[in-house]
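Data block for structure.cif (mmCIF, C-alpha atoms and all ligand atoms):
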data_start
#
loop_
_atom_site.label_atom_id
_atom_site.label_comp_id
_atom_site.auth_asym_id
_atom_site.auth_seq_id
_atom_site.Cartn_x
_atom_site.Cartn_y
_atom_site.Cartn_z
CA MET A 29 -28.08 41.03 -54.14
CA ILE A 30 -25.63 38.49 -52.74
CA LYS A 31 -22.28 38.12 -54.42
CA VAL A 32 -19.80 35.37 -53.64
CA ASP A 33 -16.24 36.64 -53.87
CA LYS A 34 -14.13 33.63 -53.38
CA LEU A 35 -15.22 30.58 -55.32
CA PRO A 36 -13.90 27.05 -54.84
CA ASP A 37 -11.92 25.46 -57.69
CA VAL A 38 -14.80 23.36 -59.03
CA PHE A 39 -16.52 26.62 -60.00
CA ILE A 40 -13.37 28.36 -61.25
CA LYS A 41 -12.58 25.41 -63.51
CA ALA A 42 -16.06 25.60 -65.03
CA MET A 43 -15.94 29.36 -65.66
CA PRO A 44 -14.71 29.05 -69.28
CA VAL A 45 -17.77 26.92 -70.01
CA LEU A 46 -20.10 29.67 -68.79
CA GLN A 47 -17.98 32.26 -70.56
CA THR A 48 -18.19 30.37 -73.86
CA LEU A 49 -21.98 30.31 -73.62
CA GLU A 50 -22.15 33.99 -72.72
CA ASP A 51 -19.76 35.00 -75.49
CA ALA A 52 -22.09 33.28 -77.93
CA GLY A 53 -24.92 35.48 -76.69
CA PHE A 54 -26.62 33.05 -74.32
CA GLU A 55 -27.30 33.26 -70.61
CA ALA A 56 -25.62 30.68 -68.40
CA TYR A 57 -25.66 29.99 -64.65
CA PHE A 58 -24.55 27.49 -62.07
CA VAL A 59 -27.70 26.11 -60.50
CA GLY A 60 -29.20 23.73 -57.98
CA GLY A 61 -27.31 21.68 -55.40
CA SER A 62 -23.89 23.15 -56.14
CA VAL A 63 -25.00 26.71 -55.40
CA ARG A 64 -26.81 25.56 -52.27
CA ASP A 65 -23.75 23.69 -51.01
CA LEU A 66 -21.46 26.61 -51.86
CA LEU A 67 -23.52 28.97 -49.73
CA LEU A 68 -23.58 26.41 -46.93
CA ASP A 69 -19.82 26.05 -47.12
CA ARG A 70 -20.22 22.37 -47.87
CA HIS A 71 -17.91 20.53 -50.20
CA VAL A 72 -19.07 20.84 -53.82
CA HIS A 73 -18.17 17.79 -55.91
CA ASP A 74 -19.74 18.81 -59.21
CA VAL A 75 -21.59 21.75 -60.68
CA ASP A 76 -24.71 21.82 -62.83
CA ILE A 77 -25.17 24.50 -65.44
CA THR A 78 -28.38 25.94 -66.88
CA THR A 79 -28.54 28.04 -70.02
CA SER A 80 -30.83 29.76 -72.50
CA ALA A 81 -29.05 27.93 -75.34
CA TYR A 82 -30.87 24.96 -76.90
CA PRO A 83 -29.11 21.59 -76.70
CA GLU A 84 -28.08 21.74 -80.36
CA GLU A 85 -26.61 25.18 -79.81
CA VAL A 86 -24.67 23.96 -76.76
CA LYS A 87 -23.25 21.08 -78.79
CA GLU A 88 -22.06 23.42 -81.50
CA LEU A 89 -20.07 25.47 -79.03
CA PHE A 90 -18.03 22.64 -77.57
CA ALA A 91 -15.76 20.17 -79.32
CA LYS A 92 -16.73 17.23 -77.13
CA SER A 93 -20.22 16.54 -75.90
CA ILE A 94 -22.54 13.66 -75.15
CA ASP A 95 -26.33 13.65 -75.56
CA THR A 96 -27.24 12.75 -72.02
CA GLY A 97 -30.92 13.53 -72.07
CA ILE A 98 -31.46 15.63 -75.12
CA ARG A 99 -35.23 15.21 -74.88
CA HIS A 100 -35.08 16.86 -71.47
CA GLY A 101 -32.59 19.43 -72.66
CA THR A 102 -29.42 18.01 -71.11
CA VAL A 103 -26.08 17.79 -72.86
CA THR A 104 -22.90 16.66 -71.13
CA VAL A 105 -19.94 18.75 -72.21
CA LEU A 106 -16.38 17.53 -71.73
CA TYR A 107 -14.05 20.38 -70.96
CA GLY A 108 -10.66 20.63 -69.28
CA GLY A 109 -10.75 17.02 -68.19
CA GLU A 110 -14.11 17.46 -66.47
CA SER A 111 -17.67 16.80 -67.56
CA TYR A 112 -20.52 19.25 -67.14
CA GLU A 113 -24.24 18.70 -67.41
CA ILE A 114 -25.69 21.66 -69.24
CA THR A 115 -29.47 21.88 -69.25
CA THR A 116 -31.56 24.32 -71.25
CA PHE A 117 -33.94 26.55 -69.25
CA ARG A 118 -37.16 24.60 -69.18
CA THR A 119 -40.50 24.16 -67.57
CA GLU A 120 -42.04 20.80 -67.08
CA SER A 121 -45.58 19.74 -67.79
CA GLY A 122 -47.70 16.68 -68.22
CA TYR A 123 -46.52 14.75 -65.18
CA GLN A 124 -48.84 11.80 -65.36
CA ASP A 125 -47.09 9.24 -63.30
CA TYR A 126 -45.68 11.36 -60.46
CA ARG A 127 -42.24 10.56 -61.72
CA ARG A 128 -40.77 12.39 -64.62
CA PRO A 129 -42.16 15.05 -66.85
CA ASP A 130 -43.61 13.80 -70.12
CA HIS A 131 -42.98 17.06 -71.83
CA VAL A 132 -40.46 19.70 -71.19
CA THR A 133 -40.86 23.07 -72.73
CA PHE A 134 -37.76 25.09 -73.29
CA VAL A 135 -38.10 28.64 -72.10
CA GLN A 136 -36.01 31.72 -72.58
CA ASN A 137 -35.75 32.91 -69.04
CA LEU A 138 -34.16 31.69 -65.89
CA ASP A 139 -37.16 32.59 -63.72
CA GLU A 140 -39.35 29.96 -65.36
CA ASP A 141 -36.63 27.39 -64.89
CA LEU A 142 -36.16 28.17 -61.20
CA LYS A 143 -39.91 28.00 -60.59
CA ARG A 144 -40.09 24.32 -61.55
CA ARG A 145 -37.50 23.27 -58.97
CA ASP A 146 -38.29 21.41 -55.77
CA PHE A 147 -37.13 23.51 -52.80
CA THR A 148 -36.22 27.15 -52.35
CA ILE A 149 -32.69 26.20 -51.30
CA ASN A 150 -32.30 24.28 -54.57
CA ALA A 151 -33.77 27.03 -56.73
CA LEU A 152 -30.71 29.26 -56.53
CA ALA A 153 -28.56 30.22 -59.48
CA MET A 154 -25.19 31.97 -59.70
CA ASP A 155 -23.66 33.76 -62.67
CA LEU A 156 -20.07 34.14 -63.83
CA HIS A 157 -19.45 37.01 -61.44
CA GLY A 158 -20.64 35.15 -58.38
CA GLN A 159 -23.97 37.01 -58.29
CA ILE A 160 -26.71 34.91 -56.73
CA VAL A 161 -30.19 34.82 -58.24
CA ASP A 162 -32.68 34.07 -55.48
CA LEU A 163 -36.34 34.41 -56.48
CA PHE A 164 -37.89 32.48 -53.61
CA ASN A 165 -35.87 33.57 -50.59
CA GLY A 166 -33.77 30.46 -50.70
CA VAL A 167 -30.86 32.27 -49.04
CA GLU A 168 -33.07 33.22 -46.12
CA ASP A 169 -34.22 29.59 -45.83
CA LEU A 170 -30.60 28.45 -45.92
CA LYS A 171 -29.87 30.76 -43.01
CA ASN A 172 -32.86 29.54 -41.06
CA HIS A 173 -32.24 25.90 -41.91
CA ILE A 174 -35.58 25.40 -43.60
CA ILE A 175 -36.68 23.04 -46.36
CA ARG A 176 -39.55 24.80 -48.12
CA ALA A 177 -41.12 23.78 -51.42
CA VAL A 178 -41.04 26.34 -54.20
CA GLY A 179 -44.62 27.64 -54.56
CA ASP A 180 -47.34 25.11 -53.87
CA PRO A 181 -45.88 22.02 -52.16
CA GLU A 182 -48.79 19.80 -53.27
CA LYS A 183 -48.02 20.65 -56.86
CA ARG A 184 -44.30 20.01 -56.45
CA PHE A 185 -44.93 16.58 -54.90
CA HIS A 186 -47.48 15.63 -57.54
CA GLU A 187 -44.93 16.50 -60.20
CA ASP A 188 -42.39 14.16 -58.68
CA ALA A 189 -43.29 12.17 -55.60
CA LEU A 190 -39.65 11.38 -54.89
CA ARG A 191 -39.29 14.97 -53.77
CA MET A 192 -40.99 13.98 -50.50
CA MET A 193 -38.11 11.61 -49.80
CA ARG A 194 -35.66 14.27 -50.92
CA ALA A 195 -37.15 16.69 -48.39
CA VAL A 196 -36.61 14.24 -45.53
CA ARG A 197 -33.14 13.35 -46.82
CA PHE A 198 -32.13 17.01 -46.75
CA THR A 199 -33.25 17.32 -43.12
CA SER A 200 -30.75 14.59 -42.32
CA GLN A 201 -27.93 15.71 -44.60
CA LEU A 202 -28.12 19.42 -43.85
CA LYS A 203 -29.60 19.27 -40.34
CA PHE A 204 -32.56 21.36 -41.55
CA ASN A 205 -36.23 21.37 -40.58
CA LEU A 206 -39.29 21.02 -42.77
CA GLU A 207 -41.39 24.12 -43.21
CA GLU A 208 -44.94 23.53 -41.94
CA LYS A 209 -46.87 23.54 -45.23
CA THR A 210 -44.21 21.42 -46.89
CA GLU A 211 -44.42 18.89 -44.07
CA GLN A 212 -48.21 18.88 -44.15
CA ALA A 213 -48.19 18.25 -47.91
CA ILE A 214 -45.95 15.23 -47.35
CA LYS A 215 -48.33 13.90 -44.71
CA ASP A 216 -51.26 14.40 -47.08
CA ASN A 217 -49.58 12.87 -50.10
CA HIS A 218 -47.20 10.24 -48.75
CA GLU A 219 -48.98 7.49 -50.69
CA LEU A 220 -47.75 8.92 -53.97
CA LEU A 221 -44.35 7.49 -53.07
CA LYS A 222 -45.71 4.04 -53.97
CA LYS A 223 -45.43 5.06 -57.62
CA ILE A 224 -41.69 5.59 -57.37
CA SER A 225 -39.18 2.86 -58.19
CA VAL A 226 -37.36 1.22 -55.30
CA GLU A 227 -34.00 2.18 -56.82
CA ARG A 228 -34.76 5.89 -56.65
CA ILE A 229 -36.22 5.60 -53.16
CA ARG A 230 -33.21 3.62 -51.96
CA GLU A 231 -30.85 6.34 -53.08
CA GLU A 232 -32.65 8.93 -50.95
CA PHE A 233 -33.17 6.47 -48.10
CA VAL A 234 -29.44 5.84 -47.91
CA LYS A 235 -28.59 9.54 -48.00
CA MET A 236 -31.12 10.01 -45.20
CA GLY A 237 -29.71 7.09 -43.22
CA ILE A 238 -26.09 8.22 -43.32
CA GLY A 239 -26.68 11.94 -42.83
CA PRO A 240 -25.62 13.62 -39.58
CA HIS A 241 -29.27 14.04 -38.51
CA SER A 242 -30.46 10.63 -39.58
CA ARG A 243 -32.13 9.86 -36.29
CA GLN A 244 -34.33 12.95 -36.47
CA ALA A 245 -34.95 12.28 -40.15
CA PHE A 246 -36.09 8.74 -39.37
CA GLN A 247 -38.56 10.24 -36.93
CA ILE A 248 -39.94 12.51 -39.66
CA PHE A 249 -39.96 9.58 -42.07
CA LEU A 250 -42.16 7.79 -39.53
CA ASP A 251 -44.36 10.77 -38.58
CA THR A 252 -45.16 11.66 -42.19
CA GLN A 253 -45.98 7.99 -42.87
CA LEU A 254 -43.59 7.96 -45.83
CA SER A 255 -42.18 4.86 -44.14
CA GLU A 256 -45.33 2.99 -45.12
CA ASP A 257 -44.68 3.43 -48.80
CA VAL A 258 -41.19 1.97 -49.03
CA PRO A 259 -40.33 -1.74 -49.52
CA ASP A 260 -42.00 -3.73 -46.85
CA PHE A 261 -40.17 -5.76 -44.27
CA ALA A 262 -41.15 -7.38 -41.03
CA GLY A 263 -40.48 -5.34 -37.94
CA LYS A 264 -40.26 -2.05 -39.80
CA LYS A 265 -42.32 -0.23 -37.20
CA GLU A 266 -40.08 -1.49 -34.44
CA LEU A 267 -37.01 -0.42 -36.34
CA LEU A 268 -38.31 3.06 -36.88
CA GLN A 269 -39.06 3.34 -33.22
CA ILE A 270 -35.61 2.16 -32.16
CA TYR A 271 -33.63 4.06 -34.75
CA PRO A 272 -34.19 7.57 -33.42
CA GLN A 273 -32.78 6.45 -30.06
CA LEU A 274 -29.40 5.41 -31.39
CA GLN A 275 -26.29 7.07 -30.04
CA PHE A 276 -24.68 7.97 -33.35
CA SER A 277 -25.46 8.01 -37.06
CA PRO A 278 -23.77 5.72 -39.52
CA THR A 279 -21.56 7.38 -42.07
CA LEU A 280 -21.16 4.41 -44.41
CA GLU A 281 -23.82 2.73 -46.48
CA THR A 282 -22.66 -0.75 -45.50
CA SER A 283 -22.94 0.25 -41.85
CA LEU A 284 -26.47 1.54 -42.43
CA TRP A 285 -27.77 -1.70 -43.91
CA SER A 286 -25.96 -3.84 -41.33
CA LEU A 287 -27.34 -1.71 -38.53
CA ILE A 288 -30.89 -1.99 -39.83
CA ILE A 289 -30.59 -5.76 -40.14
CA ILE A 290 -29.22 -6.06 -36.60
CA LEU A 291 -31.93 -3.81 -35.19
CA LEU A 292 -34.60 -5.82 -37.00
CA LYS A 293 -33.03 -9.04 -35.69
CA LEU A 294 -33.41 -10.53 -39.17
CA PRO A 295 -32.47 -14.21 -39.23
CA ASP A 296 -29.45 -14.98 -41.46
CA GLU A 297 -31.58 -16.68 -44.10
CA ASP A 298 -33.71 -13.55 -44.56
CA ILE A 299 -30.85 -11.12 -45.09
CA SER A 300 -30.40 -11.64 -48.81
CA LYS A 301 -34.14 -11.31 -49.50
CA PHE A 302 -34.25 -8.10 -47.50
CA MET A 303 -31.30 -6.71 -49.42
CA ARG A 304 -32.87 -7.81 -52.71
CA ASP A 305 -36.20 -6.17 -51.87
CA TRP A 306 -34.29 -2.92 -51.57
CA LYS A 307 -32.59 -3.64 -54.90
CA ASN A 308 -29.13 -3.64 -53.40
CA SER A 309 -26.22 -5.06 -55.38
CA ASN A 310 -24.82 -8.50 -54.67
CA ALA A 311 -21.51 -6.94 -53.65
CA MET A 312 -23.28 -4.78 -51.06
CA THR A 313 -25.22 -7.80 -49.79
CA GLU A 314 -22.07 -9.88 -49.44
CA GLN A 315 -20.25 -7.16 -47.54
CA VAL A 316 -23.24 -6.67 -45.22
CA GLU A 317 -23.36 -10.43 -44.58
CA ARG A 318 -19.67 -10.37 -43.65
CA ILE A 319 -20.26 -7.51 -41.23
CA ILE A 320 -23.21 -9.22 -39.56
CA LYS A 321 -21.24 -12.45 -39.22
CA PHE A 322 -18.31 -10.64 -37.63
CA PHE A 323 -20.63 -8.62 -35.41
CA ASP A 324 -22.17 -11.84 -34.10
CA LEU A 325 -18.69 -13.22 -33.55
CA ILE A 326 -17.41 -10.26 -31.54
CA SER A 327 -20.64 -10.19 -29.53
CA ASP A 328 -19.82 -13.73 -28.53
CA HIS A 329 -16.08 -13.64 -27.81
CA THR A 330 -12.88 -11.73 -28.50
CA PRO A 331 -11.75 -12.84 -31.94
CA ASN A 332 -8.47 -14.71 -32.31
CA ASP A 333 -5.88 -13.68 -34.89
CA TYR A 334 -7.15 -16.04 -37.53
CA GLU A 335 -10.72 -14.75 -37.17
CA LEU A 336 -9.45 -11.20 -37.59
CA PHE A 337 -7.53 -12.28 -40.68
CA GLN A 338 -10.62 -13.92 -42.16
CA ALA A 339 -12.78 -10.88 -41.53
CA GLY A 340 -10.39 -8.47 -43.23
CA GLU A 341 -9.73 -4.82 -42.44
CA ARG A 342 -12.79 -3.36 -44.15
CA THR A 343 -15.19 -5.67 -42.37
CA ILE A 344 -13.51 -4.98 -39.03
CA ILE A 345 -13.82 -1.22 -39.52
CA ASN A 346 -17.45 -1.45 -40.68
CA THR A 347 -18.33 -3.68 -37.75
CA ILE A 348 -16.70 -1.36 -35.24
CA ASP A 349 -18.71 1.49 -36.76
CA VAL A 350 -21.93 -0.47 -36.27
CA ALA A 351 -21.05 -1.46 -32.70
CA HIS A 352 -20.21 2.15 -31.94
CA ILE A 353 -23.59 3.36 -33.22
CA LEU A 354 -25.33 0.75 -31.13
CA GLY A 355 -23.40 1.86 -28.09
CA GLN A 356 -21.91 -1.59 -27.59
CA PRO A 357 -18.57 -1.66 -25.89
CA VAL A 358 -16.07 -3.26 -28.25
CA ALA A 359 -12.34 -2.84 -27.83
CA SER A 360 -12.57 -1.32 -31.26
CA GLU A 361 -9.28 0.41 -31.94
CA ALA A 362 -7.45 -2.51 -30.41
CA LEU A 363 -9.05 -4.84 -32.97
CA VAL A 364 -7.78 -2.80 -35.89
CA ASP A 365 -4.33 -2.52 -34.32
CA ARG A 366 -4.21 -6.26 -33.78
CA TYR A 367 -5.28 -6.82 -37.38
CA LEU A 368 -2.62 -4.44 -38.67
CA ALA A 369 0.04 -6.25 -36.66
CA LEU A 370 -0.76 -9.66 -38.20
CA PRO A 371 2.18 -11.33 -39.99
CA ILE A 372 0.07 -11.54 -43.15
CA LYS A 373 -3.15 -9.68 -43.89
CA LYS A 374 -4.23 -11.27 -47.17
CA PRO A 375 -4.14 -14.88 -48.43
CA ALA A 376 -1.85 -13.74 -51.26
CA GLU A 377 0.78 -12.63 -48.74
CA LEU A 378 1.53 -16.20 -47.73
CA ALA A 379 5.09 -17.10 -48.83
CA ILE A 380 3.89 -20.24 -50.61
CA ASP A 381 0.89 -21.35 -52.66
CA GLY A 382 -0.75 -24.57 -53.85
CA ARG A 383 1.94 -25.20 -56.48
CA PHE A 384 4.56 -25.25 -53.75
CA LEU A 385 2.65 -28.03 -52.00
CA ILE A 386 2.33 -30.00 -55.26
CA LYS A 387 6.08 -29.72 -55.79
CA HIS A 388 6.47 -31.18 -52.33
CA GLY A 389 4.52 -34.25 -53.29
CA MET A 390 0.90 -33.36 -52.48
CA ARG A 391 -1.89 -34.10 -54.94
CA PRO A 392 -4.35 -31.41 -55.92
CA GLY A 393 -7.62 -31.79 -54.02
CA ALA A 394 -9.39 -31.23 -50.75
CA GLU A 395 -6.49 -32.32 -48.59
CA LEU A 396 -4.15 -29.86 -50.24
CA GLY A 397 -6.64 -27.07 -49.57
CA HIS A 398 -6.90 -28.18 -45.98
CA THR A 399 -3.11 -28.14 -45.53
CA LEU A 400 -2.86 -24.72 -47.13
CA ASN A 401 -5.46 -23.36 -44.72
CA LYS A 402 -3.67 -24.93 -41.78
CA ILE A 403 -0.38 -23.30 -42.83
CA ARG A 404 -2.12 -19.96 -43.26
CA GLU A 405 -3.66 -20.24 -39.82
CA LEU A 406 -0.29 -21.06 -38.22
CA VAL A 407 1.39 -18.14 -39.99
CA VAL A 408 -1.38 -15.70 -39.12
CA SER A 409 -1.18 -16.68 -35.47
CA SER A 410 2.64 -16.37 -35.50
CA ARG A 411 3.21 -20.05 -34.80
CA LEU A 412 4.99 -20.55 -38.11
CA GLU A 413 7.33 -18.19 -39.88
CA ASN A 414 6.10 -16.90 -43.25
CA SER A 415 9.00 -18.19 -45.35
CA PRO A 416 9.31 -21.07 -47.84
CA ASP A 417 12.09 -22.66 -45.74
CA ALA A 418 10.12 -22.65 -42.53
CA ILE A 419 7.05 -23.99 -44.31
CA GLU A 420 9.10 -26.69 -46.02
CA LYS A 421 10.43 -27.78 -42.65
CA TYR A 422 6.90 -27.89 -41.27
CA LEU A 423 5.79 -30.13 -44.16
CA GLU A 424 8.73 -32.48 -43.59
CA ASP A 425 7.88 -32.76 -39.90
CA LEU A 426 4.32 -33.68 -40.87
CA ASP A 427 5.44 -36.78 -42.75
N1 LIG B 501 -36.86 15.64 -58.04
C1 LIG B 501 -36.08 16.69 -58.28
C2 LIG B 501 -34.68 16.53 -58.43
C3 LIG B 501 -33.91 17.64 -58.70
N2 LIG B 501 -34.48 18.87 -58.81
C4 LIG B 501 -33.65 20.06 -59.14
O1 LIG B 501 -32.45 19.65 -59.79
C5 LIG B 501 -31.31 19.99 -59.01
C6 LIG B 501 -30.22 18.96 -59.11
O2 LIG B 501 -30.72 17.69 -58.73
P1 LIG B 501 -29.87 16.58 -57.97
O3 LIG B 501 -28.46 16.63 -58.39
O4 LIG B 501 -30.64 15.30 -58.11
O5 LIG B 501 -30.00 16.97 -56.43
P2 LIG B 501 -29.20 18.05 -55.61
O6 LIG B 501 -30.18 19.02 -55.05
O7 LIG B 501 -28.10 18.61 -56.44
O8 LIG B 501 -28.63 17.21 -54.41
P3 LIG B 501 -27.23 16.38 -54.36
O9 LIG B 501 -26.29 17.29 -53.66
O10 LIG B 501 -27.53 15.18 -53.55
O11 LIG B 501 -26.85 16.08 -55.77
C7 LIG B 501 -31.86 20.22 -57.62
O12 LIG B 501 -31.06 21.05 -56.83
C8 LIG B 501 -33.21 20.84 -57.90
O13 LIG B 501 -33.08 22.19 -58.27
C9 LIG B 501 -35.84 19.02 -58.66
O14 LIG B 501 -36.35 20.14 -58.74
N3 LIG B 501 -36.63 17.93 -58.39
MG MG B 502 -26.61 17.39 -57.54
#
Take the structure I supplied and represent it as structure tokens, if you would.
Amino acid sequence: MIKVDKLPDVFIKAMPVLQTLEDAGFEAYFVGGSVRDLLLDRHVHDVDITTSAYPEEVKELFAKSIDTGIRHGTVTVLYGGESYEITTFRTESGYQDYRRPDHVTFVQNLDEDLKRRDFTINALAMDLHGQIVDLFNGVEDLKNHIIRAVGDPEKRFHEDALRMMRAVRFTSQLKFNLEEKTEQAIKDNHELLKKISVERIREEFVKMGIGPHSRQAFQIFLDTQLSEDVPDFAGKKELLQIYPQLQFSPTLETSLWSLIIILLKLPDEDISKFMRDWKNSNAMTEQVERIIKFFDLISDHTPNDYELFQAGERTIINTIDVAHILGQPVASEALVDRYLALPIKKPAELAIDGRFLIKHGMRPGAELGHTLNKIRELVVSSRLENSPDAIEKYLEDLD
């Protein structure tokens, strides 16, 4: 049996929670993604806990808790400034819509709980002492970099069709390969993905797109035909053929969407519809539009100081990321350096504002706005000093 000796702080901090459950006579384990990531030496951001205690019993043991999904056996416990999802051992049955179980049945042993999980590498549990419970050779699969469904892959994917996307996402995130039967079951059942909401698919799609092996994952996404069951957009086939040939993978979600839009050569007026079809937020759409605009600009000419100022640091960095992935030579670092050296980097850093202009005799309105912009442009391009005196002098010279 494998035993982990040195545990990261996220686990140590959660130990009293497991201990409390055990002291009350229940079994309790860390489970799922956190145990997988621990064994892979990946950063663990949060831990999930599974227990033989029923939700009501969990609530009684802790002073602060929230009913997160009591019907599915999950209680969120607040402890030591952290929150923990504690889920009662359960099996799932009655999946009718390929999405979520209609019924969960609480069970008294861990084995039953691990059996219902998607992949062997996610069906690992660890107790208080760092002992790993591994019923399906998940540790072996971790070593061999294999994504293998627990038991019958067909059954797992019929239970929750999103798991097919999860499988491909893990190949990208972890640089793993799909086990043959698991891959075949995805090929045979890809159409089930149509039943899954775009929001849930997008989440996996993004994780796939920004993982270190995203180009290989896109290839699998194409080969398994899962790509045919996600929101439709013109040129998708072309995109999927180009994507695997990219030089690098994006690491930011904004870069991913911008990259896809550039590769698809979507006209400006189609960008917001495309983003909406994927149920992206308005904020994400706006940022992507800024990136695309700046990308077009730097493809055309070297931006002047005012254009850099208007783009803003985040957009510049995102755009450089995209250009880098596309293998387009941009004097990237130099752009950021030039931006950082600007006399002002935000509109609010200008020494004066509209009220200053009004005090100097201007009336509120379009012309005032125009003058303010002009001043900003002169300051940004170092042709006017950013001080009230210098600006006052400039205004006097105008008259
Ligand atoms: N469709 C799903 C989703 C989750 N799980 C199980 O629930 C655990 C936790 O799910 P989740 O947090 O969604 O995924 P993780 O595997 O933890 O991946 P991530 O690191 O992205 O959170 C998984 O490890 C897996 O055991 C599952 O069997 N089937
Ligand atoms: Mg998780």
Which centre and which edge lengths, in Å to one decimal, describe the axis-aligned box that holds all listed atoms of ligand LIG 501 (chain B) after 8 Å is added on each side, as lines of an AutoDock Vina configuration file?
center_x = -31.6
center_y = 18.7
center_z = -56.7
size_x = 26.6
size_y = 23.0
size_z = 22.2
field: Coordinates-based distance that separates atom CA of A:Gln356 from atom CA of A:Ser327 (Å, one decimal)
entry: 8.9 Å
Atom pair atom CA of A:Ser286 / atom CA of A:His241: separation (Å): 18.4 Å
Contact check, chain A to ligand LIG 501 (chain B), at most 7 Å, counting only C-alpha atoms and all ligand atoms, closest pairs as CSV:
residue,atom,partner,partner_atom,distance
A:Gly60,CA,B:LIG501,O12,3.5
A:Gly61,CA,B:LIG501,O7,3.3
A:Ser62,CA,B:LIG501,O7,6.2
A:Arg144,CA,B:LIG501,O14,6.3
A:Arg145,CA,B:LIG501,O14,3.3
A:Asp146,CA,B:LIG501,O14,3.8
A:Phe147,CA,B:LIG501,O14,6.9
A:Asn150,CA,B:LIG501,O12,4.1
A:Ala151,CA,B:LIG501,O13,5.1
A:Asp188,CA,B:LIG501,N1,5.8
A:Leu190,CA,B:LIG501,N1,6.0
A:Arg191,CA,B:LIG501,N1,5.0
- prompt: What does the distance from atom CA of A:Ile229 to atom CA of A:Ala245 come to in Å, to one decimal?
  reply: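 About the pair atom CA of A:Ile229 and atom CA of A:Ala245: they are 14.7 Å apart.
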task: Measuring atom to atom with all atoms listed in the file, identify which of A:Met192, A:Ala339, A:Gln212, A:Gly237 is nearest to A:Ile326.
output: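 Once distances to A:Ile326 are computed over all atoms listed in the file, the minimum belongs to A:Ala339.
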Contact residues around stretch 329-333 of chain A with all atoms listed in the file at 9 Å, ignoring same-chain residues under 4 positions, as a PyMOL selection string: chain A and resi 322+324-325+337-338+359+363+366-367+370+405+408-410
message: Between A:Gly166, A:Val135, A:Arg194, A:Phe90, which residue has the minimum interatomic distance to ligand MG 502 (chain B), considering all atoms listed in the file?
response: A:Arg194
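Remark: for A:Glu182, the closest of the candidate residues A:Glu85, A:Glu110, A:Glu211, A:Asp155 is A:Glu211 (distances computed over only C-alpha atoms).
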